[in-house]
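K.L.:
Structure file structure_17.pdb (PDB, C-alpha atoms and all ligand atoms) right here:
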```pdb
ATOM      1  CA  MET H   1     -53.014  -5.705   0.649
ATOM      2  CA  SER H   2     -50.642  -4.280   3.235
ATOM      3  CA  GLU H   3     -51.155  -0.809   4.600
ATOM      4  CA  PHE H   4     -49.922   2.295   2.842
ATOM      5  CA  ALA H   5     -46.676   3.638   4.250
ATOM      6  CA  GLY H   6     -44.624   6.720   3.528
ATOM      7  CA  LEU H   7     -40.920   7.494   3.526
ATOM      8  CA  GLU H   8     -39.300  10.037   5.828
ATOM      9  CA  ILE H   9     -35.653  10.873   5.187
ATOM     10  CA  ARG H  10     -33.726  13.214   7.475
ATOM     11  CA  ARG H  11     -30.194  14.642   7.174
ATOM     12  CA  LEU H  12     -29.165  11.770   4.897
ATOM     13  CA  ARG H  13     -25.475  11.775   4.112
ATOM     14  CA  VAL H  14     -23.404   9.360   2.042
ATOM     15  CA  SER H  15     -19.674   9.815   1.492
ATOM     16  CA  PHE H  16     -17.233   7.863  -0.652
ATOM     17  CA  ASP H  17     -13.590   8.357   0.386
ATOM     18  CA  GLY H  18     -14.180  11.937   1.443
ATOM     19  CA  PHE H  19     -16.483  12.788  -1.482
ATOM     20  CA  THR H  20     -20.027  13.546  -0.304
ATOM     21  CA  ALA H  21     -22.527  12.169  -2.840
ATOM     22  CA  VAL H  22     -25.633  12.777  -0.696
ATOM     23  CA  ASP H  23     -25.264  15.844   1.434
ATOM     24  CA  GLY H  24     -27.874  16.284   4.164
ATOM     25  CA  VAL H  25     -31.049  15.332   2.299
ATOM     26  CA  ASP H  26     -34.479  15.746   3.917
ATOM     27  CA  LEU H  27     -37.239  14.110   1.878
ATOM     28  CA  ASP H  28     -40.818  13.134   2.673
ATOM     29  CA  VAL H  29     -42.779  10.869   0.359
ATOM     30  CA  GLU H  30     -46.416  10.585   1.361
ATOM     31  CA  PRO H  31     -48.068   7.170   1.321
ATOM     32  CA  GLY H  32     -49.497   6.563  -2.147
ATOM     33  CA  ASP H  33     -47.385   9.254  -3.818
ATOM     34  CA  LEU H  34     -45.888   8.866  -7.281
ATOM     35  CA  ARG H  35     -42.711  10.863  -6.678
ATOM     36  CA  PHE H  36     -40.184  11.588  -9.384
ATOM     37  CA  LEU H  37     -36.579  12.146  -8.386
ATOM     38  CA  ILE H  38     -34.824  14.132 -11.076
ATOM     39  CA  GLY H  39     -31.531  15.958 -11.388
ATOM     40  CA  PRO H  40     -28.412  16.107 -13.546
ATOM     41  CA  ASN H  41     -25.940  13.208 -13.799
ATOM     42  CA  GLY H  42     -24.099  12.685 -10.543
ATOM     43  CA  ALA H  43     -26.714  14.542  -8.466
ATOM     44  CA  GLY H  44     -26.913  11.627  -6.013
ATOM     45  CA  LYS H  45     -30.253  10.068  -7.024
ATOM     46  CA  THR H  46     -29.078   6.462  -7.264
ATOM     47  CA  THR H  47     -26.898   6.828  -4.173
ATOM     48  CA  LEU H  48     -29.933   8.038  -2.226
ATOM     49  CA  VAL H  49     -31.885   4.942  -3.288
ATOM     50  CA  ASP H  50     -28.844   2.788  -2.476
ATOM     51  CA  ALA H  51     -28.860   4.269   1.029
ATOM     52  CA  VAL H  52     -32.586   3.628   1.507
ATOM     53  CA  THR H  53     -32.192   0.001   0.392
ATOM     54  CA  GLY H  54     -29.076  -0.597   2.515
ATOM     55  CA  LEU H  55     -26.586  -0.964  -0.342
ATOM     56  CA  VAL H  56     -24.370   1.867   0.883
ATOM     57  CA  LYS H  57     -23.609   3.086   4.386
ATOM     58  CA  ALA H  58     -25.309   6.325   5.278
ATOM     59  CA  GLN H  59     -25.748   8.712   8.167
ATOM     60  CA  GLY H  60     -28.983  10.359   9.228
ATOM     61  CA  SER H  61     -32.365   8.711   9.367
ATOM     62  CA  VAL H  62     -34.595   6.853   6.893
ATOM     63  CA  ARG H  63     -37.993   5.864   8.251
ATOM     64  CA  PHE H  64     -40.562   3.829   6.373
ATOM     65  CA  GLY H  65     -43.951   3.387   7.986
ATOM     66  CA  GLY H  66     -42.350   4.814  11.138
ATOM     67  CA  GLU H  67     -39.564   2.185  11.317
ATOM     68  CA  GLU H  68     -35.907   3.210  11.138
ATOM     69  CA  LEU H  69     -34.118   1.498   8.222
ATOM     70  CA  LEU H  70     -30.566   2.828   8.505
ATOM     71  CA  GLY H  71     -28.263   0.251   9.991
ATOM     72  CA  ARG H  72     -30.448  -2.670   8.870
ATOM     73  CA  SER H  73     -29.203  -5.271   6.393
ATOM     74  CA  VAL H  74     -30.318  -5.229   2.732
ATOM     75  CA  HIS H  75     -32.481  -8.306   3.377
ATOM     76  CA  ARG H  76     -34.152  -6.869   6.426
ATOM     77  CA  ILE H  77     -34.943  -3.668   4.548
ATOM     78  CA  ALA H  78     -36.445  -5.748   1.712
ATOM     79  CA  ARG H  79     -38.559  -7.593   4.262
ATOM     80  CA  SER H  80     -39.870  -4.236   5.515
ATOM     81  CA  GLY H  81     -41.710  -3.983   2.181
ATOM     82  CA  ILE H  82     -39.215  -2.022   0.091
ATOM     83  CA  GLY H  83     -38.221  -3.148  -3.389
ATOM     84  CA  ARG H  84     -36.264  -1.624  -6.224
ATOM     85  CA  THR H  85     -35.422  -2.093  -9.860
ATOM     86  CA  PHE H  86     -32.133  -1.218 -11.518
ATOM     87  CA  GLN H  87     -31.474   0.479 -14.845
ATOM     88  CA  THR H  88     -31.166  -2.903 -16.569
ATOM     89  CA  ALA H  89     -33.931  -5.410 -15.960
ATOM     90  CA  THR H  90     -32.802  -8.480 -14.030
ATOM     91  CA  VAL H  91     -35.224 -11.264 -14.944
ATOM     92  CA  PHE H  92     -34.428 -14.954 -15.467
ATOM     93  CA  GLU H  93     -34.424 -15.076 -19.279
ATOM     94  CA  GLU H  94     -34.772 -18.862 -19.648
ATOM     95  CA  LEU H  95     -37.721 -19.104 -17.270
ATOM     96  CA  THR H  96     -41.259 -18.190 -18.233
ATOM     97  CA  VAL H  97     -42.968 -15.021 -17.103
ATOM     98  CA  LEU H  98     -45.042 -17.071 -14.664
ATOM     99  CA  GLN H  99     -41.985 -18.870 -13.259
ATOM    100  CA  ASN H 100     -40.229 -15.539 -12.709
ATOM    101  CA  LEU H 101     -43.222 -14.262 -10.761
ATOM    102  CA  ASP H 102     -43.587 -17.525  -8.881
ATOM    103  CA  ILE H 103     -39.961 -17.426  -7.736
ATOM    104  CA  ALA H 104     -40.291 -13.790  -6.688
ATOM    105  CA  ALA H 105     -43.495 -14.616  -4.783
ATOM    106  CA  GLY H 106     -41.679 -17.418  -2.984
ATOM    107  CA  ALA H 107     -38.623 -15.347  -2.106
ATOM    108  CA  GLY H 108     -37.995 -15.508   1.603
ATOM    109  CA  ARG H 109     -40.505 -18.328   2.098
ATOM    110  CA  GLY H 110     -39.689 -21.910   3.008
ATOM    111  CA  MET H 111     -39.497 -24.776   0.515
ATOM    112  CA  TRP H 112     -42.702 -26.335   1.911
ATOM    113  CA  THR H 113     -44.693 -23.205   1.211
ATOM    114  CA  MET H 114     -43.314 -23.180  -2.337
ATOM    115  CA  LEU H 115     -44.244 -26.830  -2.895
ATOM    116  CA  ARG H 116     -47.710 -26.453  -1.401
ATOM    117  CA  ARG H 117     -48.478 -23.618  -3.804
ATOM    118  CA  ARG H 118     -47.775 -25.669  -6.923
ATOM    119  CA  LYS H 119     -51.397 -26.207  -7.984
ATOM    120  CA  GLY H 120     -52.710 -23.466 -10.284
ATOM    121  CA  VAL H 121     -51.621 -19.850 -10.359
ATOM    122  CA  PRO H 122     -51.676 -18.240  -6.903
ATOM    123  CA  GLU H 123     -54.024 -15.257  -6.714
ATOM    124  CA  PRO H 124     -51.343 -12.579  -6.080
ATOM    125  CA  VAL H 125     -49.410 -13.860  -9.124
ATOM    126  CA  ALA H 126     -52.529 -13.861 -11.325
ATOM    127  CA  GLN H 127     -53.286 -10.338 -10.112
ATOM    128  CA  ALA H 128     -49.742  -9.121 -10.826
ATOM    129  CA  LEU H 129     -49.872 -10.669 -14.325
ATOM    130  CA  GLU H 130     -53.048  -8.762 -15.004
ATOM    131  CA  THR H 131     -51.697  -5.484 -13.584
ATOM    132  CA  ILE H 132     -48.527  -5.602 -15.689
ATOM    133  CA  GLY H 133     -50.506  -6.710 -18.774
ATOM    134  CA  LEU H 134     -48.617  -9.961 -19.341
ATOM    135  CA  THR H 135     -51.368 -12.543 -18.682
ATOM    136  CA  ALA H 136     -51.364 -13.703 -22.309
ATOM    137  CA  LEU H 137     -47.575 -14.150 -22.178
ATOM    138  CA  ALA H 138     -47.495 -16.019 -18.851
ATOM    139  CA  ASP H 139     -45.959 -19.132 -20.427
ATOM    140  CA  SER H 140     -43.473 -17.344 -22.686
ATOM    141  CA  PRO H 141     -39.792 -17.376 -21.749
ATOM    142  CA  ALA H 142     -38.879 -13.984 -20.254
ATOM    143  CA  GLY H 143     -35.982 -13.791 -22.726
ATOM    144  CA  THR H 144     -38.457 -13.455 -25.604
ATOM    145  CA  LEU H 145     -40.180 -10.411 -24.091
ATOM    146  CA  ALA H 146     -39.773  -6.943 -25.574
ATOM    147  CA  HIS H 147     -37.580  -4.513 -23.614
ATOM    148  CA  GLY H 148     -40.565  -2.744 -22.036
ATOM    149  CA  GLN H 149     -42.272  -5.998 -21.103
ATOM    150  CA  LYS H 150     -39.147  -7.117 -19.205
ATOM    151  CA  GLN H 151     -39.296  -3.942 -17.143
ATOM    152  CA  TRP H 152     -42.979  -4.597 -16.428
ATOM    153  CA  LEU H 153     -42.168  -8.168 -15.402
ATOM    154  CA  GLU H 154     -39.599  -6.833 -12.983
ATOM    155  CA  ILE H 155     -42.200  -4.494 -11.520
ATOM    156  CA  GLY H 156     -44.576  -7.479 -11.311
ATOM    157  CA  MET H 157     -41.909  -9.338  -9.338
ATOM    158  CA  LEU H 158     -42.023  -6.537  -6.758
ATOM    159  CA  LEU H 159     -45.830  -6.612  -6.680
ATOM    160  CA  VAL H 160     -46.009 -10.332  -5.856
ATOM    161  CA  GLN H 161     -43.603  -9.729  -2.971
ATOM    162  CA  ASP H 162     -46.169  -7.244  -1.708
ATOM    163  CA  VAL H 163     -43.630  -4.451  -1.773
ATOM    164  CA  ARG H 164     -45.200  -1.302  -0.309
ATOM    165  CA  LEU H 165     -42.520   1.109  -1.533
ATOM    166  CA  LEU H 166     -41.231   0.684  -5.088
ATOM    167  CA  LEU H 167     -37.998   2.485  -5.997
ATOM    168  CA  LEU H 168     -37.554   2.409  -9.766
ATOM    169  CA  ASP H 169     -34.336   3.510 -11.476
ATOM    170  CA  GLU H 170     -35.075   4.944 -14.931
ATOM    171  CA  PRO H 171     -37.880   2.480 -15.716
ATOM    172  CA  VAL H 172     -38.589   3.886 -19.200
ATOM    173  CA  ALA H 173     -34.988   4.163 -20.456
ATOM    174  CA  GLY H 174     -34.827   2.682 -23.948
ATOM    175  CA  MET H 175     -38.595   2.272 -24.237
ATOM    176  CA  SER H 176     -40.707   3.242 -27.240
ATOM    177  CA  HIS H 177     -43.247   6.052 -26.880
ATOM    178  CA  ASP H 178     -46.121   3.570 -26.495
ATOM    179  CA  GLU H 179     -44.215   1.557 -23.892
ATOM    180  CA  ARG H 180     -43.498   4.745 -21.931
ATOM    181  CA  GLN H 181     -47.173   5.675 -21.944
ATOM    182  CA  ALA H 182     -48.178   2.181 -20.823
ATOM    183  CA  THR H 183     -45.557   2.289 -18.058
ATOM    184  CA  GLY H 184     -46.840   5.652 -16.825
ATOM    185  CA  VAL H 185     -50.389   4.326 -16.621
ATOM    186  CA  LEU H 186     -49.084   1.208 -14.854
ATOM    187  CA  LEU H 187     -47.240   3.305 -12.253
ATOM    188  CA  GLN H 188     -50.308   5.463 -11.661
ATOM    189  CA  ARG H 189     -52.340   2.332 -11.076
ATOM    190  CA  ILE H 190     -49.745   0.832  -8.729
ATOM    191  CA  SER H 191     -49.548   4.035  -6.718
ATOM    192  CA  GLU H 192     -53.256   3.719  -5.896
ATOM    193  CA  GLU H 193     -52.214   1.029  -3.428
ATOM    194  CA  ARG H 194     -48.495   1.545  -2.874
ATOM    195  CA  THR H 195     -45.897   4.304  -2.683
ATOM    196  CA  VAL H 196     -43.748   4.769  -5.775
ATOM    197  CA  VAL H 197     -40.477   6.684  -6.247
ATOM    198  CA  VAL H 198     -39.067   6.966  -9.768
ATOM    199  CA  ILE H 199     -35.569   8.164 -10.694
ATOM    200  CA  GLU H 200     -35.941   9.629 -14.147
ATOM    201  CA  HIS H 201     -34.174  11.636 -16.836
ATOM    202  CA  ASP H 202     -37.086  11.622 -19.292
ATOM    203  CA  MET H 203     -38.693  15.000 -18.688
ATOM    204  CA  ASP H 204     -41.730  14.360 -20.929
ATOM    205  CA  PHE H 205     -42.463  11.209 -18.973
ATOM    206  CA  MET H 206     -42.031  13.091 -15.698
ATOM    207  CA  ARG H 207     -44.365  15.896 -16.834
ATOM    208  CA  SER H 208     -47.037  13.414 -17.887
ATOM    209  CA  PHE H 209     -47.074  11.157 -14.840
ATOM    210  CA  ALA H 210     -45.406  12.644 -11.751
ATOM    211  CA  ARG H 211     -47.680  13.449  -8.826
ATOM    212  CA  SER H 212     -44.791  15.232  -7.100
ATOM    213  CA  VAL H 213     -41.156  15.950  -7.931
ATOM    214  CA  SER H 214     -37.900  16.381  -6.011
ATOM    215  CA  VAL H 215     -34.948  17.858  -7.841
ATOM    216  CA  LEU H 216     -31.523  16.802  -6.605
ATOM    217  CA  HIS H 217     -28.354  18.691  -7.396
ATOM    218  CA  ALA H 218     -24.866  18.081  -6.001
ATOM    219  CA  GLY H 219     -26.226  15.784  -3.305
ATOM    220  CA  LYS H 220     -28.866  18.225  -2.025
ATOM    221  CA  VAL H 221     -32.573  18.793  -2.631
ATOM    222  CA  LEU H 222     -32.674  21.843  -4.879
ATOM    223  CA  SER H 223     -36.428  22.096  -5.341
ATOM    224  CA  GLU H 224     -39.596  20.191  -4.561
ATOM    225  CA  GLY H 225     -43.301  20.322  -5.358
ATOM    226  CA  THR H 226     -45.649  19.685  -8.251
ATOM    227  CA  VAL H 227     -44.371  19.511 -11.828
ATOM    228  CA  ALA H 228     -45.512  23.101 -12.304
ATOM    229  CA  ASP H 229     -43.741  24.225  -9.104
ATOM    230  CA  VAL H 230     -40.350  22.795 -10.052
ATOM    231  CA  GLN H 231     -40.633  23.865 -13.673
ATOM    232  CA  ALA H 232     -41.241  27.427 -12.568
ATOM    233  CA  ASP H 233     -38.334  27.380 -10.087
ATOM    234  CA  PRO H 234     -35.463  29.522 -11.453
ATOM    235  CA  LYS H 235     -32.936  27.359  -9.523
ATOM    236  CA  VAL H 236     -34.094  24.305 -11.503
ATOM    237  CA  GLN H 237     -33.956  26.139 -14.804
ATOM    238  CA  GLU H 238     -30.450  27.266 -13.970
ATOM    239  CA  VAL H 239     -29.266  23.735 -13.241
ATOM    240  CA  TYR H 240     -30.884  22.250 -16.333
ATOM    241  CA  LEU H 241     -30.429  25.026 -18.813
ATOM    242  CA  GLY H 242     -27.356  26.687 -17.414
ATOM    243  CA  HIS H 243     -29.055  30.050 -17.146
ATOM    244  CA  THR H 244     -31.760  31.652 -15.043
ATOM    245  CA  ALA H 245     -35.390  32.436 -15.744
ATOM    246  CA  ALA H 246     -34.518  36.121 -15.478
ATOM    247  CA  GLU H 247     -31.978  35.652 -18.263
ATOM    248  CA  ASP H 248     -34.620  33.738 -20.269
ATOM    249  CA  ALA H 249     -36.979  36.671 -19.914
ATOM    250  CA  THR H 250     -34.197  38.970 -21.085
ATOM    251  CA  ASP H 251     -33.478  36.635 -24.023
ATOM    252  CA  VAL H 252     -37.133  36.745 -25.062
ATOM    253  CA  ALA H 253     -37.236  40.502 -24.642
ATOM    254  CA  VAL H 254     -34.061  40.822 -26.731
ATOM    255  CA  ARG H 255     -35.429  38.481 -29.430
ATOM    256  CA  GLU H 256     -38.718  40.359 -29.555
ATOM    257  CA  ALA H 257     -37.087  43.789 -29.694
TER     258      ALA H 257
HETATM  259  N1  LIG L 301     -19.280   3.644  -5.085
HETATM  260  C1  LIG L 301     -18.910   4.887  -5.346
HETATM  261  N2  LIG L 301     -17.663   5.306  -5.087
HETATM  262  C2  LIG L 301     -17.286   6.575  -5.338
HETATM  263  N3  LIG L 301     -18.102   7.520  -5.855
HETATM  264  C3  LIG L 301     -19.349   7.152  -6.138
HETATM  265  C4  LIG L 301     -19.841   5.820  -5.906
HETATM  266  N4  LIG L 301     -21.152   5.778  -6.287
HETATM  267  C5  LIG L 301     -21.446   7.000  -6.737
HETATM  268  N5  LIG L 301     -20.393   7.827  -6.660
HETATM  269  C6  LIG L 301     -20.358   9.241  -7.029
HETATM  270  O1  LIG L 301     -21.401   9.891  -6.339
HETATM  271  C7  LIG L 301     -22.008  10.884  -7.170
HETATM  272  C8  LIG L 301     -23.493  10.638  -7.263
HETATM  273  O2  LIG L 301     -23.706   9.483  -8.083
HETATM  274  P1  LIG L 301     -25.144   8.912  -8.374
HETATM  275  O3  LIG L 301     -24.962   7.693  -9.234
HETATM  276  O4  LIG L 301     -25.891   8.762  -7.122
HETATM  277  O5  LIG L 301     -25.795  10.089  -9.226
HETATM  278  P2  LIG L 301     -27.137  10.082 -10.048
HETATM  279  O6  LIG L 301     -27.850  11.342  -9.719
HETATM  280  O7  LIG L 301     -27.857   8.806  -9.848
HETATM  281  O8  LIG L 301     -26.557  10.173 -11.521
HETATM  282  P3  LIG L 301     -27.098   9.515 -12.886
HETATM  283  O9  LIG L 301     -28.326  10.280 -13.232
HETATM  284  O10 LIG L 301     -25.977   9.764 -13.847
HETATM  285  O11 LIG L 301     -27.353   8.058 -12.636
HETATM  286  C9  LIG L 301     -21.285  10.840  -8.501
HETATM  287  O12 LIG L 301     -20.309  11.840  -8.515
HETATM  288  C10 LIG L 301     -20.644   9.459  -8.513
HETATM  289  O13 LIG L 301     -19.474   9.439  -9.282
END
```
Turn this file's structure into structure tokens for me.
Ligand SMILES: Nc1ncnc2c1ncn2[C@@H]1O[C@H](COP(=O)(O)OP(=O)(O)OP(=O)(O)O)[C@@H](O)[C@H]1O
P.N.:
Amino acid sequence: MSEFAGLEIRRLRVSFDGFTAVDGVDLDVEPGDLRFLIGPNGAGKTTLVDAVTGLVKAQGSVRFGGEELLGRSVHRIARSGIGRTFQTATVFEELTVLQNLDIAAGAGRGMWTMLRRRKGVPEPVAQALETIGLTALADSPAGTLAHGQKQWLEIGMLLVQDVRLLLLDEPVAGMSHDERQATGVLLQRISEERTVVVIEHDMDFMRSFARSVSVLHAGKVLSEGTVADVQADPKVQEVYLGHTAAEDATDVAVREA
């Protein structure tokens, strides 16, 4: 397993035709953290991840394991050990679970390496299958998997590439309660050896599994800390509920009067 590495973002700025979507963000994610990135629609969460992975041009600095990523190509950033998932799972539906993992494991390697590995299931692939709980379905076409299982397969595809920083965009969207729970446990397990950042709108999921939280609003970090810290922050309550904690207290006082 590769070494733990953390993410250090400084003065990150992304603009689209004069509109600033990410506006001077500083963000530190410790190695081995399970960080949730929350915030209202349009807060800049996905754009921030796009900037880290090289999909959009950005100003400032993004360091991972001490190396500067800004200015590097998408492929070079991926080779630095950073992988992401998108809101919709992108697996090869006609191929089996094992074939999907095998292809992901071979990504970036030469044809000879791929051919030499044909015999049996390579250890990292077997390990990923076990971690994502799909060992029994290894030979099933990915297209026959349940929605949640496809998301887990996609996470498995990052694990076999030995990604050290996983950036996951709404991994539990559309999942059943049981699938969400299983995903939370999976992410906790993964973060024992890797750094995980999750963009999420599901507040129950966030409360149950986040180790730390950053709240984005209008392209800036509004609040940061533990779940309890951000929940108690009046600025966060204002953004989410449209009124302040002080007003809440007044409401309660009024109701109780
Ligand atoms: N390619 C683009 N061109 C122009 N504007 C963009 C582009 N991508 C994003 N934006 C704008 O930047 C802002 C931030 O979008 P972003 O998708 O990062 O927000 P988000 O916090 O991920 O929202 P959501 O939770 O709805 O996914 C939005 O106002 C969006 O319309």
K.L.:
For the file shown, what are the residues hit by the PyMOL selection byres (((not hetatm)) within 6 of (chain L and resi 301)), laid out as a list of chain:residue names?
P.N.:
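With the PyMOL selection byres (((not hetatm)) within 6 of (chain L and resi 301)) on this model, the match is H:Phe16, H:Ala21, H:Pro40, H:Asn41, H:Gly42, H:Ala43, H:Gly44, H:Lys45, H:Thr46, H:Thr47.
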K.L.:
To verify the selection step, state as a PyMOL selection string which residues the PyMOL selection byres (((chain H and resi 194-206) around 9) and not hetatm) yields on this input.
P.N.:
chain H and resi 2-7+29-41+45-46+49+163-173+180-181+184+187-188+190-193+207-211+213+227
K.L.:
Given the file above and the PyMOL selection byres (((chain H and resi 90) around 10) and not hetatm), which residues are selected, and can you give them as a list in words?
P.N.:
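Going through the file, the PyMOL selection byres (((chain H and resi 90) around 10) and not hetatm) ends up selecting Thr85, Phe86, Gln87, Thr88, Ala89, Val91, Phe92, Glu93, Lys150, Gln151, Leu153 and Glu154 of chain H.
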K.L.:
From the options H:Lys220, H:Met175, H:Ser140, H:Gly54, which residue's atoms come nearest to Arg79 of chain H, counting only C-alpha atoms?
P.N.:
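Ranked by minimum distance to Arg79 of chain H, first place goes to H:Gly54.
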K.L.:
Grab the atom CA of Val74 of chain H to atom CA of Glu224 of chain H distance for me, in Å with one decimal place.
P.N.:
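Computing it gives 28.0 Å between the two atoms.
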K.L.:
Can you report as AutoDock Vina command-line options the centre and edge lengths in Å, to one decimal, of an axis-aligned box around the listed atoms of segment 162-167 of chain H padded with 4 Å on each side?
P.N.:
```
--center_x -42.1 --center_y -2.4 --center_z -3.2 --size_x 16.2 --size_y 17.7 --size_z 13.7
```
K.L.:
Contacts of Val52 of chain H at 8 Å or less, counting all atoms listed in the file, minus same-chain residues fewer than 4 places along, as a ChimeraX atom specification?
P.N.:
/H:48,62,69-70
K.L.:
Determine the nearest neighbour of Ser80 of chain H from the options H:Ala218, H:Asp162, H:Glu123, H:Met157, counting all atoms listed in the file.
P.N.:
H:Asp162
K.L.:
Using only C-alpha atoms, which of H:Asp178, H:Glu68, H:Asp26, H:Asp139 sits nearest Thr96 of chain H?
P.N.:
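Smallest distance to Thr96 of chain H is found for H:Asp139.
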K.L.:
My list of candidates is H:Gln161, H:Thr131, H:Asp229, H:Gly148. Which is closest to Gly174 of chain H when distances are computed with all atoms listed in the file?
P.N.:
H:Gly148
K.L.:
Provide the atom CA of Thr144 of chain H to atom CA of Gly156 of chain H distance in Å, to one decimal place.
P.N.:
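Computing it gives 16.7 Å between the two atoms.
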K.L.:
How many Å separate atom CA of Ala138 of chain H from atom CA of Leu159 of chain H?
P.N.:
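Rounded to one decimal, the two atoms are 15.5 Å apart.
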K.L.:
Nearest residue to Tyr240 of chain H out of H:Val215, H:Ala228, H:Ile82, H:Leu12, using only C-alpha atoms?
P.N.:
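Among H:Val215, H:Ala228, H:Ile82, H:Leu12, it is H:Val215 that comes nearest to Tyr240 of chain H.
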